[in-house]
Protein chains: 2
Amino acid sequence: MTSVPSWANVDERRNLPPALAVSTVILGIRPGVEGGPDKLCLPLVRRIRQPHAGMWALPGGPVDARESLGQAAGRTLAGTTGLRPNYLEQLYTFGDIDRSPTHRLVTIAYFALLHVDQVGATVQDPNVAWFDIDDPAIAQLAFDHRKIVDYALWRLRNKTEYGQIAHRLLGERFTLAALRGVYEAILGRRLDPANFRRTLNSTASIEATDEYLAGGKHRPPRLYRYVGHGPDPLEVDPLHG
Amino acid sequence: MTSVPSWANVDERRNLPPALAVSTVILGIRPGVEGGPDKLCLPLVRRIRQPHAGMWALPGGPVDARESLGQAAGRTLAGTTGLRPNYLEQLYTFGDIDRSPTHRLVTIAYFALLHVDQVGATVQDPNVAWFDIDDPAIAQLAFDHRKIVDYALWRLRNKTEYGQIAHRLLGERFTLAALRGVYEAILGRRLDPANFRRTLNSTASIEATDEYLAGGKHRPPRLYRYVGHGPDPLEVDPLHG
DNA sequence: TAAATAGTGTCTCTTAGACAATATCGT
DNA sequence: ACGATATTGTCTAAGAGACACTATTTA
């Protein structure tokens, strides 16, 4: 290795075909402390190579010739973080010429959601860490990854009205209060418990169970379950259709 | 050239990195005949090379190393059809392993809208033609392009509620009846003229002008103009942001 | 029984849609 | 005047949100 890496030669770089990679924004929900609101959070990996060595970045990697794009996203995020999301959706493809200082890089961004019980359960590695979505430490990320994160959040907020998203951040069974907490974390504002309940009851994709959650300090809430519809075409892959 | 092309060798193919291309679904509106409803239509190009030679396909081509993805979409659609859309938006990236029978092909699909006066005005070329969206002749297209068209239509239908789309299919000034025709063509159903008018008047992105459209057989309708908001983040590129 | 959350009832306001009625052009 | 479309008015039903109220548990 020389002190001037070969990729610094712009002329050479321009003759290479674009490299193809995937990156994934993995979002989970973290219960609020002391009655505070729940928080959206995500795992990031620290880059150990140039460019942007030392900076936090989205998990990802190159697309192998024998795997689909969604498989590449799932493989690379599992390889770096050890996580197994239950939801994966293609977000957008970023291909501006100068988004990497070293080479022409086209990145297909994905968007994953994790159940609460997986949040924080990443591999033991100092180069993998969780951040709250509003943590100032991640105001800057490698490449244009901050833009990708912001776009994922925008998509998440604009999709909640369709339902089908918030419960992917919870487990199989959940209380309406927990579900409301998820919506509040996503939308960033308080929701009226009464109206929230009525709205979801009319949704028909949420179903009451016979069970109640005991152990709280107060009246035990009923547990609900999600019964899904089909997803929107192409919006969900490859775990679904 | 041999009778067995080199790309038929699967082992060889698997060692190649994915090829990167763009394809664009270009949609326009065609006035209905005899008082019938307006129709959505699109230009297609006939493939002159393998694979799928002779089949109709979306305009597109490979991504050059020195252009952005949106620029590649604009360049390739202009090169094949001669059209200049006023709206271009990234749709989705298709990368299934077997979507091309000959090689691993990753295609970033774009979605463009044309003003009415450009509909039908393509280059003189027997390998370029316009089709109504419900024309049975395009039930089958090359590659997975039919799936891409269907996805573009789905996006268009689910976006009309945001406004800002239908008038990109018309010119600068338009009557409310023309705009209603566009919505009816997209949604595939009749809309009440009175309610449509009221809804748009409250939208504030549609503004009445002082002009009226003369020359009709009946009472001349007022002309309106679109006054845009900012687009949603990343949903619009590269002509905008 | 007090505190806290679960859950219900009711009211208002906005909006989508059905549909009647009026306005204004060309012929 | 007539036909056709433009434009306005009115009514109803459904949904979102504010908010008072009741229910049921633990401490």
# chains A, B, ... in the order shown; residues from 1 in each chain; ligands from 1
>>> residues_around(residues="Phe143 in chain B", least_positions_apart="3", cutoff="10 Å", atoms="only C-alpha atoms (C1' of nucleotides)", output="list of chain:residue names")
B:Pro51, B:His52, B:Met55, B:Trp56, B:Ala57, B:Leu58, B:Asp98, B:Arg99, B:Ser100, B:Pro101, B:Gln140, B:Arg146, B:Lys147, B:Ile148
>>> write_last_selection(atoms="N, CA and C atoms", output="mmCIF file, in the first residue's frame")
data_model
loop_
_atom_site.group_PDB
_atom_site.id
_atom_site.type_symbol
_atom_site.label_atom_id
_atom_site.label_comp_id
_atom_site.auth_asym_id
_atom_site.auth_seq_id
_atom_site.Cartn_x
_atom_site.Cartn_y
_atom_site.Cartn_z
ATOM 1 N N PRO B 51 -31.574 -10.516 -25.529
ATOM 2 C CA PRO B 51 -32.718 -11.426 -25.481
ATOM 3 C C PRO B 51 -34.035 -10.714 -25.792
ATOM 4 N N HIS B 52 -35.058 -11.481 -26.052
ATOM 5 C CA HIS B 52 -36.394 -10.952 -26.296
ATOM 6 C C HIS B 52 -36.461 -10.072 -27.536
ATOM 7 N N MET B 55 -39.702 -8.156 -29.157
ATOM 8 C CA MET B 55 -40.741 -7.821 -28.171
ATOM 9 C C MET B 55 -40.685 -6.331 -27.833
ATOM 10 N N TRP B 56 -41.815 -5.837 -27.393
ATOM 11 C CA TRP B 56 -41.860 -4.458 -26.937
ATOM 12 C C TRP B 56 -41.293 -4.356 -25.531
ATOM 13 N N ALA B 57 -40.605 -3.233 -25.294
ATOM 14 C CA ALA B 57 -39.930 -3.056 -24.014
ATOM 15 C C ALA B 57 -39.921 -1.585 -23.631
ATOM 16 N N LEU B 58 -39.603 -1.326 -22.385
ATOM 17 C CA LEU B 58 -39.467 0.050 -21.922
ATOM 18 C C LEU B 58 -38.198 0.663 -22.494
ATOM 19 N N ASP B 98 -33.021 -13.958 -12.028
ATOM 20 C CA ASP B 98 -33.383 -14.512 -13.332
ATOM 21 C C ASP B 98 -34.257 -13.577 -14.156
ATOM 22 N N ARG B 99 -34.192 -12.301 -13.911
ATOM 23 C CA ARG B 99 -35.076 -11.413 -14.661
ATOM 24 C C ARG B 99 -34.613 -11.211 -16.102
ATOM 25 N N SER B 100 -33.367 -11.498 -16.353
ATOM 26 C CA SER B 100 -32.906 -11.589 -17.741
ATOM 27 C C SER B 100 -32.404 -13.003 -17.967
ATOM 28 N N PRO B 101 -32.739 -13.603 -19.105
ATOM 29 C CA PRO B 101 -32.292 -14.977 -19.343
ATOM 30 C C PRO B 101 -30.819 -15.064 -19.697
ATOM 31 N N GLN B 140 -47.931 -8.643 -22.566
ATOM 32 C CA GLN B 140 -46.612 -9.252 -22.373
ATOM 33 C C GLN B 140 -45.563 -8.283 -22.893
ATOM 34 N N ARG B 146 -43.453 -5.717 -17.861
ATOM 35 C CA ARG B 146 -44.887 -5.580 -17.572
ATOM 36 C C ARG B 146 -45.104 -5.331 -16.074
ATOM 37 N N LYS B 147 -44.320 -5.997 -15.265
ATOM 38 C CA LYS B 147 -44.415 -5.791 -13.818
ATOM 39 C C LYS B 147 -44.042 -4.351 -13.473
ATOM 40 N N ILE B 148 -43.050 -3.832 -14.166
ATOM 41 C CA ILE B 148 -42.623 -2.459 -13.899
ATOM 42 C C ILE B 148 -43.729 -1.477 -14.278
#
>>> closest_atom_pairs(of="chain D", to="chain A", cutoff="12 Å", atoms="only C-alpha atoms (C1' of nucleotides)", output="Markdown table")
| residue | atom | partner | partner_atom | distance |
| --- | --- | --- | --- | --- |
| D:DG15 | C1' | A:Thr199 | CA | 9.1 |
| D:DA16 | C1' | A:Asn195 | CA | 8.2 |
| D:DG17 | C1' | A:Asn195 | CA | 7.3 |
| D:DA18 | C1' | A:Asp192 | CA | 8.8 |
| D:DC19 | C1' | A:Ala194 | CA | 9.8 |
| D:DA20 | C1' | A:Ala194 | CA | 11.6 |
| D:DC21 | C1' | A:Ala194 | CA | 11.9 |
| D:DA23 | C1' | A:Arg219 | CA | 9.0 |
| D:DT24 | C1' | A:Arg219 | CA | 5.3 |
| D:DT25 | C1' | A:Arg219 | CA | 3.6 |
| D:DT26 | C1' | A:Lys217 | CA | 5.1 |
| D:DA27 | C1' | A:Lys217 | CA | 8.1 |
>>> select_by_dssp(residues="range 155-216 of chain B", states="strand (DSSP E or B)", output="PyMOL selection string")
chain B and resi 173-175+206-212
>>> write_last_selection(atoms="C-alpha atoms", output="PDB file, in the first residue's frame")
ATOM      1  CA  ARG B 173     -53.130  26.094 -18.196  1.00  0.00           C
ATOM      2  CA  PHE B 174     -56.053  23.743 -18.219  1.00  0.00           C
ATOM      3  CA  THR B 175     -59.741  23.569 -17.541  1.00  0.00           C
ATOM      4  CA  ILE B 206     -54.678  25.164  -8.199  1.00  0.00           C
ATOM      5  CA  GLU B 207     -55.284  28.801  -9.037  1.00  0.00           C
ATOM      6  CA  ALA B 208     -57.932  30.356 -11.251  1.00  0.00           C
ATOM      7  CA  THR B 209     -56.786  32.624 -14.067  1.00  0.00           C
ATOM      8  CA  ASP B 210     -58.706  35.405 -15.797  1.00  0.00           C
ATOM      9  CA  GLU B 211     -58.883  33.488 -19.023  1.00  0.00           C
ATOM     10  CA  TYR B 212     -61.560  31.315 -20.502  1.00  0.00           C
TER      11      TYR B 212
END
>>> residues_around(residues="Asn127 in chain A", least_positions_apart="3", cutoff="9 Å", atoms="only C-alpha atoms (C1' of nucleotides)", output="list in words")
Leu44, Val45, Arg46, Arg47, Ile48, Gly54, Trp56 and Gln124 of chain A
>>> interface_residues(of="chain B", to="chain A", cutoff="10 Å", atoms="only C-alpha atoms", output="ChimeraX atom specification")
/B:13-20,63-71,90-98,103-106,108-109,147-148,150-151,154-155,232-235,238
>>> closest_atom_pairs(of="chain C", to="chain B", cutoff="10 Å", atoms="only C-alpha atoms (C1' of nucleotides)", output="tab-separated table")
residue	atom	partner	partner_atom	distance
C:DT15	C1'	B:Thr199	CA	9.2
C:DA16	C1'	B:Asn195	CA	8.1
C:DG17	C1'	B:Asn195	CA	7.3
C:DA18	C1'	B:Asp192	CA	8.8
C:DC19	C1'	B:Asp192	CA	9.8
C:DA23	C1'	B:Arg219	CA	9.1
C:DT24	C1'	B:Arg219	CA	5.5
C:DC25	C1'	B:Arg219	CA	3.3
C:DG26	C1'	B:Lys217	CA	5.1
C:DT27	C1'	B:Lys217	CA	8.2
>>> write_last_selection(atoms="C-alpha atoms (C1' of nucleotides)", output="mmCIF file, in the first residue's frame")
data_model
loop_
_atom_site.group_PDB
_atom_site.id
_atom_site.type_symbol
_atom_site.label_atom_id
_atom_site.label_comp_id
_atom_site.auth_asym_id
_atom_site.auth_seq_id
_atom_site.Cartn_x
_atom_site.Cartn_y
_atom_site.Cartn_z
ATOM 1 C "C1'" DT C 15 -64.543 16.226 4.513
ATOM 2 C "C1'" DA C 16 -66.292 13.105 0.722
ATOM 3 C "C1'" DG C 17 -70.008 12.247 -1.899
ATOM 4 C "C1'" DA C 18 -74.915 12.392 -3.834
ATOM 5 C "C1'" DC C 19 -77.696 15.276 -6.094
ATOM 6 C "C1'" DA C 23 -75.585 30.289 -15.018
ATOM 7 C "C1'" DT C 24 -73.900 31.059 -19.493
ATOM 8 C "C1'" DC C 25 -72.270 29.941 -23.636
ATOM 9 C "C1'" DG C 26 -73.020 28.332 -29.046
ATOM 10 C "C1'" DT C 27 -76.462 27.203 -32.304
#
>>> residues_around(residues="Phe131 in chain B", least_positions_apart="2", cutoff="9 Å", atoms="only C-alpha atoms (C1' of nucleotides)", output="list in words")
Leu40, Cys41, Leu42, Pro43, Leu44, Ala129, Ile133, Asp134, Asp135, Ala137 and Ile138 of chain B
>>> select_by_dssp(residues="range 14-238 of chain B", states="helix (DSSP H, G or I)", output="ChimeraX atom specification")
/B:14,69-81,116-118,136-138,145-162,166-169,176-187,193-203
>>> residues_around(residues="Leu187 in chain A", least_positions_apart="6", cutoff="10 Å", atoms="only C-alpha atoms (C1' of nucleotides)", output="PyMOL selection string")
chain A and resi 153-154+156-158+160+181
